[in-house]
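Novice: If it helps, the file is called input-v6.txt and holds compact mmCIF, C-alpha atoms:
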# COMPACT_ATOMS: atom_id res chain seq x y z
CA MET A 1 106.47 122.37 122.87
CA SER A 2 104.99 121.92 119.41
CA PHE A 3 105.82 118.35 118.53
CA TYR A 4 104.55 116.88 115.28
CA GLU A 5 104.50 113.30 114.04
CA CYS A 6 104.20 111.85 110.54
CA VAL A 7 101.73 108.94 110.37
CA ASN A 8 100.00 106.71 107.85
CA ALA A 9 96.24 106.36 108.26
CA PHE A 10 93.70 103.79 107.06
CA PRO A 11 93.64 102.37 104.32
CA GLU A 12 97.47 102.52 104.33
CA GLY A 13 97.57 101.72 108.03
CA GLY A 14 95.53 99.99 110.69
CA ALA A 15 93.84 102.97 112.33
CA SER A 16 91.72 105.83 111.05
CA ALA A 17 92.97 109.41 110.98
CA SER A 18 90.72 110.40 113.90
CA ARG A 19 91.95 107.49 116.06
CA MET A 20 95.53 108.49 115.30
CA ALA A 21 94.72 112.10 116.21
CA LEU A 22 93.02 111.06 119.45
CA THR A 23 95.97 108.90 120.52
CA ALA A 24 98.53 111.53 119.48
CA LYS A 25 96.66 114.18 121.45
CA ALA A 26 96.71 111.99 124.55
CA LEU A 27 100.44 111.45 124.08
CA GLY A 28 101.18 115.18 123.95
CA TYR A 29 101.59 116.01 120.28
CA GLN A 30 100.41 119.33 118.97
CA GLY A 31 99.76 117.94 115.54
CA ILE A 32 100.01 115.00 113.22
CA ILE A 33 100.79 114.97 109.52
CA ILE A 34 99.07 112.19 107.59
CA CYS A 35 101.55 111.14 104.93
CA ASN A 36 99.66 108.58 102.86
CA CYS A 37 100.70 107.74 99.31
CA GLU A 38 97.14 108.42 98.16
CA PRO A 39 95.75 111.23 100.33
CA GLY A 40 92.48 111.23 98.39
CA ARG A 41 91.60 107.81 99.75
CA ILE A 42 92.07 108.58 103.47
CA PHE A 43 89.09 107.22 105.42
CA MET A 44 86.97 110.04 106.93
CA PRO A 45 89.57 112.84 107.08
CA GLN A 46 86.84 115.25 108.21
CA ALA A 47 86.33 113.15 111.38
CA ALA A 48 89.95 113.83 112.35
CA GLY A 49 89.26 117.56 112.17
CA MET A 50 86.60 117.15 114.85
CA ILE A 51 89.18 116.08 117.45
CA LYS A 52 89.81 119.28 119.35
CA GLY A 53 93.22 120.30 120.65
CA ILE A 54 95.30 118.75 117.90
CA GLU A 55 96.09 119.89 114.39
CA VAL A 56 95.64 117.30 111.67
CA ALA A 57 97.46 118.16 108.46
CA VAL A 58 97.36 116.12 105.29
CA GLY A 59 100.70 115.73 103.57
CA VAL A 60 101.70 113.25 100.92
CA GLU A 61 104.30 110.54 100.53
CA VAL A 62 105.48 110.69 96.93
CA THR A 63 106.07 107.38 95.21
CA ALA A 64 106.83 106.83 91.55
CA PRO A 65 108.37 104.04 89.45
CA GLY A 66 111.16 106.10 87.91
CA SER A 67 113.15 109.26 88.50
CA LYS A 68 111.43 111.25 85.76
CA ALA A 69 107.97 110.28 87.03
CA LEU A 70 109.05 111.13 90.59
CA LYS A 71 110.20 114.60 89.55
CA SER A 72 106.96 115.39 87.74
CA ARG A 73 104.86 113.99 90.59
CA ILE A 74 106.73 116.09 93.15
CA SER A 75 106.15 119.30 91.19
CA ALA A 76 102.49 118.36 90.61
CA LEU A 77 101.80 117.66 94.29
CA ARG A 78 103.78 120.58 95.74
CA ALA A 79 101.01 123.14 95.25
CA ARG A 80 98.31 120.87 96.67
CA TYR A 81 99.89 119.62 99.89
CA PRO A 82 101.86 121.52 102.54
CA PHE A 83 104.17 118.60 103.37
CA LEU A 84 105.97 116.36 100.89
CA VAL A 85 107.80 113.23 102.00
CA VAL A 86 109.89 110.95 99.80
CA ARG A 87 110.69 107.51 101.20
CA ALA A 88 113.95 106.62 99.54
CA ALA A 89 114.01 103.14 98.13
CA THR A 90 116.65 103.29 95.40
CA GLU A 91 119.79 105.33 94.69
CA GLU A 92 117.92 107.09 91.92
CA THR A 93 115.09 108.15 94.25
CA ILE A 94 117.57 109.45 96.82
CA ARG A 95 119.40 111.50 94.19
CA VAL A 96 116.24 113.01 92.72
CA ALA A 97 114.69 113.78 96.13
CA SER A 98 117.83 115.40 97.55
CA GLU A 99 118.24 117.60 94.47
CA ASP A 100 114.64 118.85 94.45
CA PRO A 101 113.92 121.92 96.63
CA ASN A 102 110.21 121.05 96.56
CA VAL A 103 110.80 118.02 98.80
CA ASP A 104 110.44 118.69 102.51
CA LEU A 105 111.58 115.42 103.99
CA LEU A 106 113.69 112.59 102.63
CA MET A 107 113.26 109.42 104.66
CA HIS A 108 116.67 107.87 104.13
CA PRO A 109 117.01 104.15 104.86
CA CYS A 110 119.52 103.20 107.56
CA GLU A 111 121.36 100.34 105.90
CA VAL A 112 125.04 99.55 106.28
CA ARG A 113 125.41 98.85 102.56
CA ARG A 114 123.61 102.04 101.51
CA PRO A 115 124.79 104.81 103.84
CA LEU A 116 123.95 108.48 103.35
CA GLY A 117 126.44 109.73 100.78
CA ILE A 118 128.40 112.97 100.85
CA ALA A 119 126.89 114.04 97.51
CA THR A 120 123.37 113.42 98.84
CA ALA A 121 124.07 115.32 102.06
CA ARG A 122 125.55 118.24 100.14
CA ALA A 123 122.60 118.35 97.73
CA ALA A 124 120.14 118.13 100.63
CA LYS A 125 121.88 121.04 102.35
CA LEU A 126 121.78 123.10 99.16
CA ASN A 127 118.09 122.40 98.53
CA GLN A 128 116.97 122.57 102.20
CA VAL A 129 115.77 118.99 102.29
CA SER A 130 115.50 117.52 105.80
CA ILE A 131 116.68 113.99 106.45
CA GLY A 132 114.18 111.74 108.21
CA PHE A 133 115.14 108.98 110.61
CA ASP A 134 112.53 106.28 110.98
CA LEU A 135 112.85 104.84 114.50
CA SER A 136 110.39 101.98 113.96
CA PRO A 137 113.21 99.40 113.41
CA LEU A 138 114.29 100.09 117.01
CA VAL A 139 110.88 98.78 118.08
CA HIS A 140 110.31 96.06 115.49
CA LEU A 141 113.78 94.55 115.07
CA ARG A 142 115.79 92.60 117.61
CA GLY A 143 119.34 91.33 117.90
CA ARG A 144 121.74 91.46 114.98
CA ALA A 145 119.42 93.26 112.59
CA ARG A 146 118.83 96.03 115.12
CA SER A 147 122.54 96.44 115.91
CA ARG A 148 123.31 96.79 112.19
CA TRP A 149 120.52 99.34 111.87
CA LEU A 150 121.92 101.30 114.84
CA GLU A 151 125.37 101.25 113.28
CA ALA A 152 124.04 102.61 109.98
CA LEU A 153 122.00 105.28 111.80
CA ARG A 154 125.07 106.51 113.69
CA ARG A 155 127.00 106.81 110.43
CA ASN A 156 124.19 108.76 108.76
CA LEU A 157 123.87 110.99 111.80
CA GLN A 158 127.57 111.87 111.64
CA LEU A 159 127.09 113.14 108.10
CA VAL A 160 123.91 115.00 109.02
CA ARG A 161 125.84 116.81 111.77
CA LYS A 162 128.79 117.50 109.49
CA PHE A 163 126.61 119.13 106.82
CA GLU A 164 124.32 120.80 109.39
CA LEU A 165 121.19 119.23 107.94
CA HIS A 166 117.92 119.19 109.83
CA PRO A 167 117.18 115.69 111.09
CA VAL A 168 113.58 114.62 111.71
CA ILE A 169 112.70 111.65 113.89
CA THR A 170 109.48 109.75 113.50
CA ALA A 171 108.03 106.43 114.57
CA SER A 172 106.36 106.00 111.13
CA ALA A 173 103.18 104.91 112.86
CA ARG A 174 100.74 102.84 110.84
CA THR A 175 98.42 102.12 113.77
CA HIS A 176 97.62 103.91 117.02
CA LEU A 177 99.70 101.24 118.79
CA ASP A 178 102.81 102.34 116.90
CA LEU A 179 102.61 105.90 118.19
CA ARG A 180 105.04 106.82 120.96
CA SER A 181 105.01 109.98 123.08
CA PRO A 182 107.57 112.71 122.23
CA ARG A 183 109.54 111.93 125.38
CA ASP A 184 109.66 108.23 124.56
CA LEU A 185 110.75 109.00 121.00
CA ALA A 186 113.43 111.36 122.30
CA ALA A 187 114.63 108.65 124.70
CA MET A 188 114.75 106.13 121.85
CA ALA A 189 116.65 108.63 119.71
CA GLU A 190 119.09 109.18 122.58
CA VAL A 191 119.74 105.45 122.72
CA ALA A 192 120.28 105.47 118.96
CA GLY A 193 122.92 108.22 119.21
CA PHE A 194 121.12 111.58 119.11
CA GLU A 195 121.88 114.33 121.61
CA PRO A 196 118.83 115.27 123.78
CA ASP A 197 118.59 118.79 122.30
CA GLU A 198 119.02 117.42 118.81
CA ALA A 199 116.18 114.93 119.33
CA GLU A 200 113.83 117.62 120.66
CA GLU A 201 114.62 119.88 117.70
CA ALA A 202 114.07 116.94 115.33
CA LEU A 203 110.61 116.38 116.79
CA ARG A 204 109.71 120.06 116.37
CA TRP A 205 111.02 120.42 112.82
CA PRO A 206 108.02 118.95 110.88
CA GLY A 207 105.73 121.51 112.56
CA MET A 208 108.07 124.35 111.58
CA LEU A 209 108.24 123.07 108.00
CA LEU A 210 104.46 122.89 107.87
CA ALA A 211 104.14 126.48 109.11
CA LEU A 212 106.74 127.67 106.57
CA ASN A 213 105.01 125.90 103.68
CA ARG A 214 101.62 127.28 104.60
CA ARG A 215 102.82 130.86 104.35
CA ASN A 216 101.71 132.66 101.25
CA TRP A 217 104.93 133.76 99.54
CA VAL A 218 104.53 136.14 96.59
CA GLY A 219 108.20 136.06 95.74
CA PRO A 220 111.50 135.39 97.47
CA GLY A 221 111.34 137.25 100.79
CA VAL A 222 107.86 138.73 100.11
CA GLU A 223 104.97 137.34 102.09
CA LEU A 224 101.28 138.00 101.41
CA LEU A 225 99.55 138.72 104.73
CA MET B 1 121.34 94.03 147.13
CA ARG B 2 120.66 95.89 150.34
CA SER B 3 123.27 98.47 151.29
CA ARG B 4 124.32 98.69 154.92
CA LEU B 5 124.83 102.45 155.06
CA PRO B 6 121.93 104.76 154.16
CA VAL B 7 124.30 107.07 152.25
CA LEU B 8 125.27 104.21 149.98
CA ARG B 9 121.67 103.33 149.18
CA ASN B 10 120.74 103.41 145.49
CA ARG B 11 118.38 106.19 144.54
CA ARG B 12 115.23 105.07 142.82
CA ARG B 13 112.61 106.46 140.54
CA TYR B 14 109.09 105.21 139.92
CA MET B 15 107.34 105.35 136.58
CA ILE B 16 103.64 105.01 135.86
CA PHE B 17 102.97 103.48 132.48
CA GLU B 18 99.88 102.70 130.48
CA LEU B 19 99.54 99.51 128.49
CA GLN B 20 97.40 99.49 125.36
CA ALA B 21 96.85 95.99 124.06
CA GLU B 22 94.62 94.14 121.65
CA GLY B 23 94.02 91.36 124.19
CA GLU B 24 94.48 90.41 127.82
CA ILE B 25 98.09 90.53 129.06
CA SER B 26 99.20 89.03 132.37
CA PRO B 27 101.67 90.98 134.54
CA LYS B 28 104.16 88.11 134.36
CA ASP B 29 104.22 88.09 130.56
CA LEU B 30 104.47 91.87 130.49
CA MET B 31 107.45 91.96 132.85
CA SER B 32 109.28 89.20 131.02
CA GLU B 33 108.80 91.09 127.74
CA ILE B 34 110.04 94.35 129.30
CA LEU B 35 113.11 92.56 130.68
CA SER B 36 113.74 90.89 127.34
CA SER B 37 113.53 94.29 125.65
CA GLN B 38 116.01 95.68 128.18
CA TYR B 39 118.48 92.82 127.72
CA SER B 40 118.20 93.18 123.97
CA LEU B 41 118.80 96.95 123.98
CA PHE B 42 121.39 97.35 126.74
CA GLY B 43 122.78 93.87 127.39
CA ASP B 44 123.36 92.14 130.70
CA GLU B 45 125.63 94.90 131.96
CA GLY B 46 123.10 97.67 131.31
CA ALA B 47 120.32 95.60 132.86
CA ALA B 48 122.40 95.00 135.99
CA LYS B 49 122.94 98.75 136.43
CA ASN B 50 119.30 99.68 135.97
CA ARG B 51 117.62 97.00 138.14
CA LEU B 52 114.08 97.27 136.75
CA LYS B 53 111.33 95.93 138.95
CA MET B 54 107.61 95.95 138.51
CA ILE B 55 105.87 97.12 141.67
CA ALA B 56 102.26 96.82 140.50
CA PHE B 57 100.20 96.23 137.42
CA HIS B 58 96.46 96.28 137.26
CA GLY B 59 94.21 96.59 134.23
CA SER B 60 96.06 98.86 131.89
CA PHE B 61 98.20 100.86 134.30
CA GLY B 62 101.39 99.78 136.02
CA LEU B 63 104.22 101.05 138.19
CA ILE B 64 107.87 100.14 137.78
CA ARG B 65 110.95 100.98 139.80
CA PHE B 66 114.39 101.73 138.36
CA SER B 67 117.64 103.55 139.05
CA HIS B 68 117.50 107.37 139.07
CA ILE B 69 120.20 107.85 136.42
CA HIS B 70 118.55 105.60 133.85
CA VAL B 71 115.33 107.46 133.06
CA PRO B 72 115.84 107.74 129.25
CA GLN B 73 117.03 104.13 129.06
CA THR B 74 113.91 102.93 130.88
CA ARG B 75 111.66 105.01 128.63
CA ALA B 76 113.37 103.53 125.58
CA THR B 77 113.05 100.01 127.01
CA LEU B 78 109.31 100.40 127.49
CA ALA B 79 108.85 102.12 124.12
CA ALA B 80 110.67 99.27 122.35
CA VAL B 81 108.07 96.69 123.42
CA HIS B 82 106.08 95.83 120.34
CA SER B 83 104.11 92.64 120.96
CA ILE B 84 103.64 90.05 123.71
CA HIS B 85 102.99 86.46 122.58
CA GLY B 86 101.79 87.74 119.20
CA ILE B 87 99.38 90.30 120.69
CA ARG B 88 100.15 93.86 119.61
CA VAL B 89 100.78 96.16 122.55
CA ALA B 90 102.05 99.69 123.15
CA ILE B 91 103.48 100.93 126.44
CA HIS B 92 103.26 104.65 127.05
CA SER B 93 105.12 106.11 130.02
CA LYS B 94 102.92 108.58 131.88
CA GLY B 95 105.42 110.11 134.28
CA VAL B 96 108.37 109.61 136.61
CA SER B 97 108.49 110.43 140.28
CA GLY B 98 110.67 109.86 143.32
CA THR B 99 108.18 108.04 145.53
CA ILE B 100 105.38 105.58 144.92
CA LYS B 101 102.91 107.90 146.61
CA SER B 102 103.66 110.93 144.46
CA ALA B 103 103.82 108.84 141.30
CA THR B 104 100.36 107.38 141.88
CA GLU B 105 98.89 110.71 142.98
CA LYS B 106 100.27 112.61 140.00
CA TYR B 107 99.95 110.21 137.12
CA LEU B 108 97.24 107.65 137.83
CA PRO B 109 93.79 108.73 136.62
CA ARG B 110 91.32 109.35 139.43
CA LEU B 111 88.29 107.85 137.76
CA SER B 112 88.50 104.32 136.49
CA LYS B 113 87.02 104.85 133.05
CA ILE B 114 89.24 102.13 131.70
CA CYS B 115 86.81 99.25 131.41
CA ALA B 116 86.60 97.81 127.93
CA GLU B 117 83.30 96.31 126.97
CA SER B 118 82.94 93.92 124.07
CA ASP B 119 79.76 93.67 122.05
CA GLY B 120 78.64 91.93 118.91
CA ARG B 121 77.33 94.89 116.93
CA ARG B 122 78.20 95.35 113.30
CA ILE B 123 79.26 98.32 111.23
CA GLU B 124 78.25 98.52 107.59
CA LEU B 125 79.71 101.49 105.79
CA LYS B 126 80.84 102.05 102.21
CA ASP B 127 84.55 101.81 102.94
CA VAL B 128 84.60 99.62 106.00
CA SER B 129 82.49 96.85 107.48
CA GLY B 130 82.98 94.50 110.42
CA CYS B 131 82.15 93.65 114.02
CA ILE B 132 82.78 95.97 116.96
CA ILE B 133 85.13 94.24 119.37
CA ARG B 134 85.27 96.84 122.10
CA THR B 135 84.50 100.47 122.73
CA HIS B 136 86.18 102.79 125.19
CA GLY B 137 84.87 106.34 125.22
CA VAL B 138 84.89 107.51 121.62
CA LYS B 139 87.45 104.85 120.66
CA VAL B 140 86.14 101.85 118.75
CA ASP B 141 88.08 98.68 117.87
CA LEU B 142 86.64 96.96 114.84
CA CYS B 143 87.31 93.50 113.44
CA PRO B 144 87.09 94.16 109.68
CA ASP B 145 85.49 91.64 107.31
CA ASP B 146 88.22 92.26 104.76
CA ARG B 147 91.44 91.64 106.67
CA ASN B 148 93.64 92.63 103.73
CA LYS B 149 92.18 96.07 103.28
CA SER B 150 94.58 97.89 105.61
CA THR B 151 98.14 97.46 104.44
CA GLY B 152 101.37 97.54 106.38
CA SER B 153 100.10 97.15 109.93
CA ASP B 154 100.13 93.82 111.73
CA THR B 155 97.21 94.53 114.04
CA GLN B 156 94.17 92.30 114.37
CA TYR B 157 91.69 95.10 114.77
CA LEU B 158 91.08 98.40 113.03
CA GLY B 159 91.29 101.45 115.31
CA LEU B 160 88.44 103.91 114.72
CA THR B 161 86.55 106.55 116.61
CA SER B 162 82.84 107.24 116.84
CA PHE B 163 83.44 110.33 114.68
CA ASP B 164 84.38 108.04 111.79
CA LEU B 165 81.24 105.98 112.08
CA SER B 166 78.48 108.41 112.83
CA GLY B 167 79.53 111.59 111.13
CA GLY B 168 80.11 113.48 114.27
CA HIS B 169 77.88 112.89 117.25
CA GLU B 170 80.06 112.24 120.25
CA ASP B 171 77.72 109.68 121.82
CA ALA B 172 76.88 107.59 118.80
CA ASP B 173 78.91 104.96 117.00
CA GLY B 174 77.02 104.66 113.74
CA THR B 175 75.08 101.53 114.65
CA ALA B 176 71.29 101.42 114.63
CA ASP B 177 70.93 101.68 118.41
CA GLY B 178 73.86 104.07 119.07
CA LEU B 179 76.02 103.83 122.12
Show how you would write the structure in this file as structure tokens.

Specialist:
Amino acid sequence: MSFYECVNAFPEGGASASRMALTAKALGYQGIIICNCEPGRIFMPQAAGMIKGIEVAVGVEVTAPGSKALKSRISALRARYPFLVVRAATEETIRVASEDPNVDLLMHPCEVRRPLGIATARAAKLNQVSIGFDLSPLVHLRGRARSRWLEALRRNLQLVRKFELHPVITASARTHLDLRSPRDLAAMAEVAGFEPDEAEEALRWPGMLLALNRRNWVGPGVELL
Amino acid sequence: MRSRLPVLRNRRRYMIFELQAEGEISPKDLMSEILSSQYSLFGDEGAAKNRLKMIAFHGSFGLIRFSHIHVPQTRATLAAVHSIHGIRVAIHSKGVSGTIKSATEKYLPRLSKICAESDGRRIELKDVSGCIIRTHGVKVDLCPDDRNKSTGSDTQYLGLTSFDLSGGHEDADGTADGL
């Protein structure tokens, strides 16, 4: 039952890393991954380590103005952080992130006009990039906007299933009030179109990625113990 | 609707939930927001099948009743509540049970450590400064002087812990007098 959640902590959110960790622990998570754009500026990361019973990992959300800058930033940050997230904003970002094996998670937007493309899905499969589904619009949106978001999510999910990609679900919490328990997230994902087993696996996947990235590989298939 | 035959009676489940809010929320407002969330997610037809009803709400814990086949839908309904009259809230479901007695015995905390006290003490640190609004255990809610410093969240207060403020001691909050 090792569920992990990707969060943003102060100053890129409204709660400190330790408050996030405390709330996540109470909700039943085994760990949180702080995915700030500037991990060096996280407020008191050492305080989060003092919360017992939960693992607090520092990842990074890679942002860059252009595709070339994004590529170089991804390769520069890969060695320093065990978890790399790219929040796709433009077509160019999506293409670069899906074609880079150094990226762990691509947070693809769920928009009807910009669905997940076959080329992106194929590239993500080839480069073992997981596709992230941000469930916060289910909480924050209402009415027509939410129904359009649900429609886009279902379409993206069809492609994820077709290409056997690993989906990841997250609430993209920016404060401790945005965090939801794994069961609540799974229930929300079920409403959005996920199968129950699929949702549970999607909640576990960030933890598995983190464990894989932390291993000390000497070469392909050779691990330094 | 009351069924005449016991075998035709609808089966029910009871859920204990915890409400975390930045301000005081009345049970009436909470229930109307939950129902609005349910209508918005599942429509009139889904709401008619589920028949949500709040049995009790006191402080930050509450008990609701619903149909036994709609557990995930009810969890999603509660999780989709975001704010009530502009006050940020979060509803966390604690557990589901078949009777009120077992639900309260299993999932309600024995000790009522849930009182929130507000005080006027200030925090002055390099990165953050402001007034303490309330403390609850090691959790501290702070009203920052610079409201624009935290980006992206629409909360009034900054969520911290005493670890952030004092450099580690569990019983201190970084102020001159400590907790």

Novice: Go ahead and find all residues with at least one atom no further than 10 Å from (106.4, 108.4, 91.4) in the file's coordinates, using all atoms listed in the file; report them as a ChimeraX atom specification.

Specialist: /A:37,61-74,86,93

Novice: Please tabulate, as CSV, the residues of segment 44-63 of chain A that come within 12 Å of segment 192-212 of chain A, each with its closest pair of atoms and the distance in Å to one decimal, counting only C-alpha atoms and ordering rows by chain, then residue number upward.

Specialist:
residue,atom,partner,partner_atom,distance
A:Glu55,CA,A:Gly207,CA,9.9
A:Val56,CA,A:Gly207,CA,11.0
A:Ala57,CA,A:Leu210,CA,8.5
A:Val58,CA,A:Leu210,CA,10.1
A:Gly59,CA,A:Leu210,CA,9.2

Novice: Take atom CA of Ala119 of chain A and atom CA of Arg148 of chain A and report the distance between them in Å, one decimal.

Specialist: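 It comes out at 22.9 Å.
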
Novice: Taking only C-alpha atoms into account and nothing else, which residues of chain A lie no more than 8 Å away from chain B? Please answer as an MDAnalysis selection string.

Specialist: chainID A and resid 10:16 18:19 27 43:44 47:48 50 138:140 142:143 174:181 183:185 187:188 190:191

Novice: Between atom CA of Lys53 of chain B and atom CA of Leu141 of chain A, measure the distance and give it in Å to one decimal.

Specialist: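 Atom CA of Lys53 of chain B sits 24.0 Å away from atom CA of Leu141 of chain A.
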
Novice: Enter the distance from atom CA of Pro109 of chain A to atom CA of Ala88 of chain A, in Å, rounded to one decimal.

Specialist: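 About the pair atom CA of Pro109 of chain A and atom CA of Ala88 of chain A: they are 6.6 Å apart.
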
Novice: Excluding Ala123 of chain A and its own-chain neighbours fewer than 5 positions away, which residues fall within 12 Å of it when counting all atoms listed in the file? Please give them as a list in words.

Specialist: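 These residues fall inside the cut-off: Ile94, Arg95, Val96, Ala97, Ser98, Glu99, Asp100, Pro101, Val103, Leu106, Leu116, Gly117, Ile118, Gln128, Val129, Ser130, Ile131, Val160, Phe163 and Leu165 of chain A.
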
Novice: Just to be explicit: take each residue in the selection above, keep C-alpha atoms, and write the result as a tab-separated table (two decimals), in the coordinates of the input.

Specialist:
chain	number	residue	atom	x	y	z
A	94	ILE	CA	117.57	109.45	96.82
A	95	ARG	CA	119.40	111.50	94.19
A	96	VAL	CA	116.24	113.01	92.72
A	97	ALA	CA	114.69	113.78	96.13
A	98	SER	CA	117.83	115.40	97.55
A	99	GLU	CA	118.24	117.60	94.47
A	100	ASP	CA	114.64	118.85	94.45
A	101	PRO	CA	113.92	121.92	96.63
A	103	VAL	CA	110.80	118.02	98.80
A	106	LEU	CA	113.69	112.59	102.63
A	116	LEU	CA	123.95	108.48	103.35
A	117	GLY	CA	126.44	109.73	100.78
A	118	ILE	CA	128.40	112.97	100.85
A	128	GLN	CA	116.97	122.57	102.20
A	129	VAL	CA	115.77	118.99	102.29
A	130	SER	CA	115.50	117.52	105.80
A	131	ILE	CA	116.68	113.99	106.45
A	160	VAL	CA	123.91	115.00	109.02
A	163	PHE	CA	126.61	119.13	106.82
A	165	LEU	CA	121.19	119.23	107.94

Novice: Take every atom of segment 34-47 of chain A listed in the file, fit an axis-aligned box around them, add 4 Å per side, and give the centre and edge lengths in Å to one decimal as lines of an AutoDock Vina configuration file.

Specialist:
center_x = 93.9
center_y = 111.2
center_z = 104.8
size_x = 23.2
size_y = 16.0
size_z = 21.2

Novice: List as an MDAnalysis selection string the protein and nucleic acid residues near Arg51 of chain B, meaning an atom at most 7 Å away when all atoms listed in the file are counted, but skip any in the same chain fewer than 3 places from it.

Specialist: chainID B and resid 47:48 66:67

Novice: Nearest to Asn156 of chain A among A:Ala186, A:Met107, A:Ala79, A:Val222, with distances taken over all atoms listed in the file: which residue is it?

Specialist: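 So, comparing all the options, the nearest one is A:Met107.
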
Novice: With distances taken over all atoms listed in the file, which of A:Met20, A:Leu84, A:Leu77, A:Ile51 is nearest to Leu105 of chain A?

Specialist: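 Closest candidate: A:Leu84.
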